[in-house]
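Asks: Sharing target.csv, CSV, C-alpha atoms:
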```csv
chain,number,residue,atom,x,y,z
A,1,MET,CA,139.0,114.2,54.5
A,2,PHE,CA,137.6,111.1,52.7
A,3,GLU,CA,138.4,111.9,49.1
A,4,ILE,CA,139.5,109.7,46.2
A,5,GLY,CA,143.1,108.4,46.8
A,6,ARG,CA,143.2,108.8,50.6
A,7,ILE,CA,144.7,105.8,52.3
A,8,CYS,CA,142.8,104.6,55.3
A,9,VAL,CA,142.9,101.9,57.9
A,10,LYS,CA,139.8,99.8,58.4
A,11,ILE,CA,138.8,99.8,62.1
A,12,ALA,CA,135.8,97.4,62.2
A,13,GLY,CA,135.1,93.9,61.0
A,14,ARG,CA,137.3,91.1,59.9
A,15,ASP,CA,139.4,93.4,57.7
A,16,SER,CA,140.2,95.7,60.6
A,17,GLY,CA,143.8,96.7,60.9
A,18,LEU,CA,144.3,96.5,57.1
A,19,LYS,CA,145.0,99.4,54.7
A,20,ALA,CA,142.9,100.4,51.8
A,21,VAL,CA,142.4,103.3,49.3
A,22,ILE,CA,139.2,105.2,48.7
A,23,VAL,CA,138.4,104.5,45.0
A,24,GLU,CA,135.0,106.2,44.8
A,25,VAL,CA,132.8,108.4,47.0
A,26,VAL,CA,129.2,107.0,46.9
A,27,ASP,CA,127.4,109.1,49.5
A,28,SER,CA,128.1,111.6,52.1
A,29,PHE,CA,128.9,108.7,54.5
A,30,THR,CA,129.8,105.7,52.2
A,31,VAL,CA,132.9,105.1,50.1
A,32,LEU,CA,134.2,102.3,47.9
A,33,ILE,CA,137.5,101.0,49.1
A,34,ASP,CA,140.1,98.6,47.7
A,35,GLY,CA,143.6,97.3,48.7
A,36,GLN,CA,144.6,94.9,51.4
A,37,THR,CA,140.9,94.6,52.3
A,38,ARG,CA,138.2,93.2,50.0
A,39,ARG,CA,136.9,95.7,47.3
A,40,ARG,CA,133.7,96.8,49.0
A,41,LYS,CA,131.5,99.7,50.1
A,42,CYS,CA,132.3,101.0,53.5
A,43,ASN,CA,130.9,103.4,56.0
A,44,VAL,CA,133.2,106.3,56.8
A,45,LYS,CA,132.7,105.6,60.5
A,46,HIS,CA,134.6,102.3,60.0
A,47,LEU,CA,137.7,104.0,58.5
A,48,GLU,CA,140.6,105.9,60.1
A,49,PRO,CA,142.3,108.2,57.5
A,50,THR,CA,146.1,108.5,57.3
A,51,LYS,CA,148.2,111.3,56.0
A,52,GLU,CA,149.1,109.6,52.7
A,53,VAL,CA,147.2,110.4,49.5
A,54,ILE,CA,147.7,108.5,46.1
A,55,LYS,CA,146.9,109.8,42.7
A,56,ILE,CA,144.4,107.3,41.2
A,57,LYS,CA,141.4,107.6,38.9
A,58,LYS,CA,137.8,107.5,40.0
A,59,GLY,CA,136.7,103.9,40.1
A,60,ALA,CA,140.2,102.5,39.5
A,61,SER,CA,140.5,98.7,39.0
A,62,HIS,CA,142.0,96.3,41.5
A,63,GLU,CA,145.1,95.8,39.4
A,64,GLU,CA,145.8,99.6,39.3
A,65,VAL,CA,145.4,99.7,43.1
A,66,VAL,CA,147.8,96.8,43.5
A,67,SER,CA,150.5,98.5,41.4
A,68,GLU,CA,150.2,101.7,43.4
A,69,PHE,CA,150.5,99.8,46.7
A,70,LYS,CA,153.7,98.1,45.5
A,71,LYS,CA,155.3,101.6,45.2
A,72,LEU,CA,154.4,102.3,48.8
A,73,LYS,CA,155.7,98.8,49.8
A,74,ILE,CA,152.4,97.6,51.2
A,75,GLU,CA,151.9,93.9,50.5
A,76,ILE,CA,148.6,92.7,49.2
A,77,ILE,CA,147.8,89.0,49.7
A,78,GLU,CA,145.7,87.8,46.7
A,79,THR,CA,143.0,85.3,47.6
A,80,THR,CA,141.3,83.1,45.1
A,81,PRO,CA,137.5,83.3,45.1
A,82,LYS,CA,135.5,80.3,46.3
A,83,THR,CA,134.3,77.9,43.7
A,84,LYS,CA,130.9,76.5,44.2
A,85,LYS,CA,130.5,72.7,44.6
A,86,SER,CA,128.8,71.7,41.3
A,87,GLU,CA,126.6,68.7,40.9
A,88,LYS,CA,127.4,68.4,37.2
A,89,PRO,CA,128.1,64.7,37.1
A,90,VAL,CA,124.7,63.9,38.5
A,91,LYS,CA,123.0,66.2,35.9
A,92,GLN,CA,124.9,64.8,33.0
A,93,LYS,CA,123.8,61.3,33.9
A,94,SER,CA,120.1,62.2,33.9
A,95,LYS,CA,120.5,64.1,30.6
A,96,LYS,CA,122.3,61.2,29.0
A,97,GLU,CA,119.7,58.7,30.0
A,98,ALA,CA,116.7,60.7,28.7
A,99,PRO,CA,117.7,60.9,25.0
A,100,VAL,CA,118.6,57.2,24.9
A,101,LYS,CA,115.1,56.3,26.1
A,102,GLY,CA,113.5,58.6,23.6
A,103,LYS,CA,115.4,57.1,20.7
A,104,ALA,CA,114.5,53.6,21.9
A,105,SER,CA,110.8,54.4,22.3
A,106,ALA,CA,110.3,56.0,18.9
A,107,PRO,CA,111.0,52.9,16.7
A,108,LYS,CA,109.0,50.7,19.2
A,109,LYS,CA,105.8,52.8,18.6
A,110,GLU,CA,106.0,52.1,14.8
A,111,ALA,CA,106.6,48.4,15.5
A,112,GLU,CA,103.9,48.2,18.2
A,113,PRO,CA,101.3,46.1,16.4
A,114,LYS,CA,103.8,43.5,15.2
A,115,PRO,CA,105.1,42.3,18.7
A,116,LYS,CA,101.5,42.1,19.9
A,117,VAL,CA,100.8,39.5,17.3
A,118,LYS,CA,104.1,37.7,18.2
A,119,ALA,CA,103.2,37.9,21.9
A,120,ALA,CA,100.0,36.1,21.4
A,121,SER,CA,101.7,33.3,19.5
A,122,VAL,CA,104.8,33.0,21.7
A,123,LYS,CA,104.2,33.2,25.5
A,124,ALA,CA,107.9,33.6,26.5
A,125,GLU,CA,108.2,37.0,24.8
A,126,LYS,CA,105.1,38.5,26.5
A,127,PRO,CA,106.7,40.1,29.7
A,128,VAL,CA,109.6,41.5,27.7
A,129,ALA,CA,107.3,43.4,25.3
A,130,GLU,CA,105.1,44.7,28.1
A,131,LYS,CA,108.0,46.0,30.1
A,132,LYS,CA,109.4,48.0,27.2
A,133,GLU,CA,106.0,49.7,26.6
A,134,GLU,CA,105.8,50.7,30.3
A,135,VAL,CA,109.2,52.3,30.1
A,136,SER,CA,108.4,54.2,26.9
A,137,GLU,CA,105.1,55.8,28.1
A,138,PRO,CA,106.3,58.1,30.9
A,139,VAL,CA,109.2,59.3,28.8
A,140,VAL,CA,106.7,60.5,26.1
A,141,LYS,CA,104.7,62.5,28.7
A,142,LYS,CA,107.9,64.3,29.9
A,143,ASP,CA,108.7,65.4,26.3
B,1,MET,CA,123.6,57.5,99.9
B,2,PRO,CA,124.8,59.8,97.1
B,3,GLN,CA,128.1,58.9,95.4
B,4,GLY,CA,131.2,60.6,96.4
B,5,LYS,CA,131.4,62.7,93.3
B,6,ASP,CA,127.9,64.1,93.9
B,7,LYS,CA,128.7,65.2,97.5
B,8,SER,CA,131.5,67.6,96.4
B,9,ASN,CA,130.9,71.1,95.0
B,10,SER,CA,132.8,70.5,91.8
B,11,ARG,CA,129.4,69.7,90.1
B,12,ARG,CA,126.6,72.2,90.6
B,13,LYS,CA,123.2,71.3,91.9
B,14,VAL,CA,120.1,71.5,89.7
B,15,PHE,CA,116.7,71.0,91.3
B,16,LYS,CA,114.1,69.2,89.2
B,17,THR,CA,110.5,68.2,89.9
B,18,THR,CA,109.5,64.7,88.9
B,19,PRO,CA,106.1,63.8,87.4
B,20,GLY,CA,105.2,62.5,90.8
B,21,ALA,CA,105.8,66.0,92.3
B,22,LYS,CA,108.9,65.0,94.1
B,23,ARG,CA,111.9,67.3,94.2
B,24,VAL,CA,115.1,65.7,93.0
B,25,VAL,CA,118.7,67.0,92.9
B,26,HIS,CA,120.7,66.5,89.7
B,27,ARG,CA,124.4,67.2,89.6
B,28,ILE,CA,125.8,68.9,86.4
B,29,ALA,CA,129.4,69.8,85.6
B,30,ARG,CA,130.2,73.5,86.0
B,31,LYS,CA,130.9,75.7,83.1
B,32,PRO,CA,134.2,77.7,83.0
B,33,SER,CA,133.9,81.4,83.7
B,34,VAL,CA,133.0,84.1,81.1
B,35,HIS,CA,135.9,85.5,79.1
B,36,LYS,CA,136.4,89.2,79.8
B,37,CYS,CA,138.0,92.2,77.9
B,38,ALA,CA,141.5,92.9,79.1
B,39,GLU,CA,141.0,96.6,79.2
B,40,CYS,CA,137.4,97.4,80.2
B,41,GLY,CA,136.5,94.0,81.8
B,42,ASN,CA,133.3,93.7,79.9
B,43,GLU,CA,132.0,90.3,78.8
B,44,LEU,CA,133.5,89.2,75.5
B,45,LYS,CA,130.9,88.3,72.8
B,46,GLY,CA,131.2,85.3,70.5
B,47,ILE,CA,133.4,83.2,72.7
B,48,PRO,CA,131.7,79.9,73.8
B,49,ARG,CA,132.2,78.7,77.4
B,50,LEU,CA,133.9,75.4,76.7
B,51,ARG,CA,135.9,73.0,78.8
B,52,SER,CA,139.4,72.4,77.5
B,53,SER,CA,138.5,69.0,76.2
B,54,GLU,CA,135.5,70.5,74.3
B,55,ALA,CA,137.6,73.4,73.0
B,56,HIS,CA,140.2,71.0,71.7
B,57,ASN,CA,137.8,69.6,69.1
B,58,THR,CA,136.1,72.9,68.0
B,59,ALA,CA,137.4,75.0,65.1
B,60,LYS,CA,139.6,78.0,65.8
B,61,THR,CA,137.2,80.3,64.0
B,62,LYS,CA,134.3,79.3,66.3
B,63,LYS,CA,136.2,80.2,69.4
B,64,ARG,CA,137.0,83.9,68.8
B,65,PRO,CA,136.1,86.7,66.4
B,66,GLU,CA,138.4,87.0,63.4
B,67,ARG,CA,139.9,90.4,63.9
B,68,PRO,CA,143.0,91.7,65.5
B,69,TYR,CA,142.8,91.4,69.3
B,70,GLY,CA,139.9,88.9,68.8
B,71,GLY,CA,139.3,87.0,72.0
B,72,TYR,CA,141.5,89.4,74.0
B,73,LEU,CA,139.8,92.8,73.7
B,74,CYS,CA,136.2,93.7,73.1
B,75,SER,CA,135.3,95.3,69.8
B,76,ALA,CA,135.2,98.9,71.2
B,77,CYS,CA,138.6,98.6,72.9
B,78,ALA,CA,140.2,97.0,69.8
B,79,ARG,CA,138.9,99.8,67.6
B,80,LYS,CA,140.4,102.4,70.0
B,81,ARG,CA,143.7,100.6,70.0
B,82,ILE,CA,143.9,100.4,66.1
B,83,ILE,CA,143.1,104.1,65.9
B,84,GLN,CA,145.9,104.9,68.3
B,85,GLU,CA,148.4,102.8,66.4
B,86,THR,CA,147.5,104.5,63.1
B,87,ARG,CA,147.8,108.0,64.5
B,88,ARG,CA,151.1,107.3,66.1
B,89,SER,CA,152.7,106.0,62.9
```
Would you encode the structure as structure tokens?
Replies:
Amino acid sequence: MFEIGRICVKIAGRDSGLKAVIVEVVDSFTVLIDGQTRRRKCNVKHLEPTKEVIKIKKGASHEEVVSEFKKLKIEIIETTPKTKKSEKPVKQKSKKEAPVKGKASAPKKEAEPKPKVKAASVKAEKPVAEKKEEVSEPVVKKD
Amino acid sequence: MPQGKDKSNSRRKVFKTTPGAKRVVHRIARKPSVHKCAECGNELKGIPRLRSSEAHNTAKTKKRPERPYGGYLCSACARKRIIQETRRS
């Protein structure tokens, strides 16, 4: 009864009342269906077979099934799959900031002894030099 | 004296015991009746008991199952009816 190419009506679930073709027989009680329903494995208990049988290959693609259904004048409403909400802008910001700090810290290390001498002589430059060192240290640990 | 709205039966009684071991009557708005299957009369699952003002603001998908005859027939009766339709055609 449930062989490849048999058109069935789904009885249970949110796809119930919709027509589908059996594309592949998995077990004695499960089949792979496609058509008006989503392409999915299905228990035979949740299907009601009809008289119609189509000639299709085993494991036929969704496009092949759609073209066969057009001949029978059964409409299939194509739905676009959901796109996940990506947090790409946030990640890009963090990536952009990291290399800038690394570049800035590298030359400072080479020039570390010089500002210390300057800082001792000029009081105004002291806090600026200290702040830059603090920022550079945690970045080096991460790398 | 209780207020006029608390004396009528439109709001149901709820008996509560206070910390001082007194018994107090609270009045709460009644819920609407359970929705039932049109064929077998069993309770319909997945349908909240909302007042019309509450139902107005909830989504359509939260008020009934998303299948043919959802919210009208129970799942077993809907399955029977779909099988009948396919066998007739």
Asks: Under the rule that all atoms listed in the file are counted, which of B:Gly4, B:Thr86, B:Ile28, B:Ser75 is the nearest residue to Asn42 of chain B?
Replies: B:Ser75
Asks: Work out how far apart atom CA of Lys51 of chain A and atom CA of Glu78 of chain A are and give it in Å to one decimal.
Replies: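 Atom-to-atom, atom CA of Lys51 of chain A and atom CA of Glu78 of chain A are spaced 25.4 Å apart.
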Asks: Determine which residues of chain A sit within 7 Å of chain B, taking into account all atoms listed in the file, and present them as a PyMOL selection string.
Replies: chain A and resi 11-17+48
Asks: Could you work out how far atom CA of Arg23 of chain B lies from atom CA of Ser8 of chain B, giving the answer in Å with one decimal?
Replies: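 Answer for the atom CA of Ser8 of chain B to atom CA of Arg23 of chain B separation: 19.7 Å.
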Asks: Which residue out of A:Phe69, A:Gly59, A:Val53, A:Lys85 has the minimum interatomic distance to Arg40 of chain A when only C-alpha atoms are used?
Replies: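 Under the stated criterion, the closest residue is A:Gly59.
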Asks: Find the residues near Cys8 of chain A: any atom within 7 Å, counting all atoms listed in the file, skip ones fewer than 3 places away on the same chain, and give them as a PyMOL selection string.
Replies: chain A and resi 19-21+47-50
Asks: To one decimal place in Å, what is the distance between atom CA of Lys84 of chain A and atom CA of Lys63 of chain B?
Replies: 26.0 Å
Asks: Go through B:Val24, B:Met1, B:Val34, B:Cys77 one by one, measure the shortest atom-to-atom distance of each to Pro48 of chain B using all atoms listed in the file, and give the residue with the smallest value.
Replies: B:Val34
